[in-house]
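This report refers to the structure that appears directly beneath it.
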Amino acid sequence: MEAYDLLKAGIADIMGECADETAEKFKKLTEYMTEYNKNVNLTRITEPMDVVRLHYLDSAAVFACADIKAGASVIDVGTGAGFPGLVMKLLRPDLRLCLLDSSNKRIAYLRSAAELLNLTGIDFVHGRAEEVSREKGYRDAFDFAVSRAVASLPKLCELCMPYVRPGGRFLSLKGPDAEAEARAAENAVKKLGGGNMQIRPAPIRGGEVEHYIVSVEKTRPTPAQYPRKNAAIKKEPL
Ligand code: SAM
């Protein structure tokens with residue numbers, strides 16, 4: 001099977017269908033990312049089949065695990081080369097997306113990739129997650145925060161939960177340790193204004209890797225003392 005046949009089948013599994021035009025955009029993105037990656041470190045995954053499975057379908061699995069309404073606001077915390085955020089926007093241009101990363105080189109790449117793909121309605125933010133959530137307009141504000149491969153869940157909750165509005169959800173893309181990480185994060189979730197936590201298997205077509213999405217409900221605003229500074233989060237996770 002060719003990489004883009006797998007992409008179309010995998011996206012159709014999740015979204016019901018994948019238009020040729022959408023598959024073409026993903027193809028264009030792969031070529032652009034692979035070329036850009038020669039000068040700026042974006043990803044170690046560059047084989048088209050792996051890019052499709054481990055970046056695109058893995059990111060798209062968010063839609064299989066959460067009901068994300070038209071026009072919803074989403075922040076991707078530590079987005080790197082745009083996973084899962086950029087993939088979500090390609091599949092759902094109606095979303096109001098914020099891509100946040102502490103690497104300015106990656107943010108510059110994302111701006112140029114979005115321009116290439118004619119994607120609008122994206123807020124690109126260069127900054128640290130634990131600092132930006134203290135800025136006006138970012139706190140208790142988003143319908144969803146999403147994040148993949150940034151930190152273990154107890155630390156990640158402190159970085160991401162402050163962005164979510166009460167009634168919204170934090171969606172964390174995790175591997176086989178999801179259950180243990182979720183248990184370890186129970187205390188953090190409570191302290192940060194979270195409620196119900198669910199772990200949903202997110203099977204990916206063509207892959208043997210186990211993927212899960214941990215979905216955390218936000219029930220009340222995050223108390224003012226959180227997030228703490230990076231050193232405290234690292235030293236003593238909640
Ligand atoms: N989410 C992407 C993915 O799954 O491919 C990138 C994962 S990469 C391993 C981690 C990214 O998180 C890097 O781009 C790094 O710059 C960013 N990052 C780490 N800590 C951060 C923080 N405190 N605030 C913002 N970005 C952070």
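Letters A, B, ... go to the chains of the structure tokens in the order shown; residues in each chain start at 1; ligands are counted from 1 in the same order.
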
| task | Compute the set of protein, DNA and RNA residues whose minimum atom distance to ligand 1 is at most 9 Å, using only C-alpha atoms and all ligand atoms, and state it as JSON, numbers by chain. | result | {"A": [42, 43, 54, 55, 59, 76, 77, 78, 79, 80, 81, 82, 83, 84, 85, 100, 101, 102, 103, 104, 106, 107, 126, 127, 128, 129, 130, 131, 132, 146, 147, 148, 149, 150, 151, 156, 159, 173, 230]}

| Non-local contacts of A:Glu217 (6 Å; only C-alpha atoms; under 6 positions in same chain excluded) as a list in words |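 Once the nearby chain positions are removed, what remains is Arg169, Gly194, Gly195 and Asn196 of chain A.
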
| query | Would you give me, as a PyMOL selection string, the residues in stretch 30-210 of chain A that DSSP reads as strand (DSSP E or B)? | reply | chain A and resi 73-77+96-101+122-126+142-148+164-174+194-201

| Expressed in Å to a single decimal, how great is the separation between atom CA of A:Ile199 and atom CA of A:Ile213? |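 These atoms are spaced 5.8 Å apart.
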
| request: Rank A:Leu97, A:Leu192, A:Ala12, A:Leu57 by their smallest atom-to-atom distance to A:Pro223, using only C-alpha atoms, and report the top residue only. | output: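 The shortest atom-to-atom distance to A:Pro223 comes from A:Leu192.
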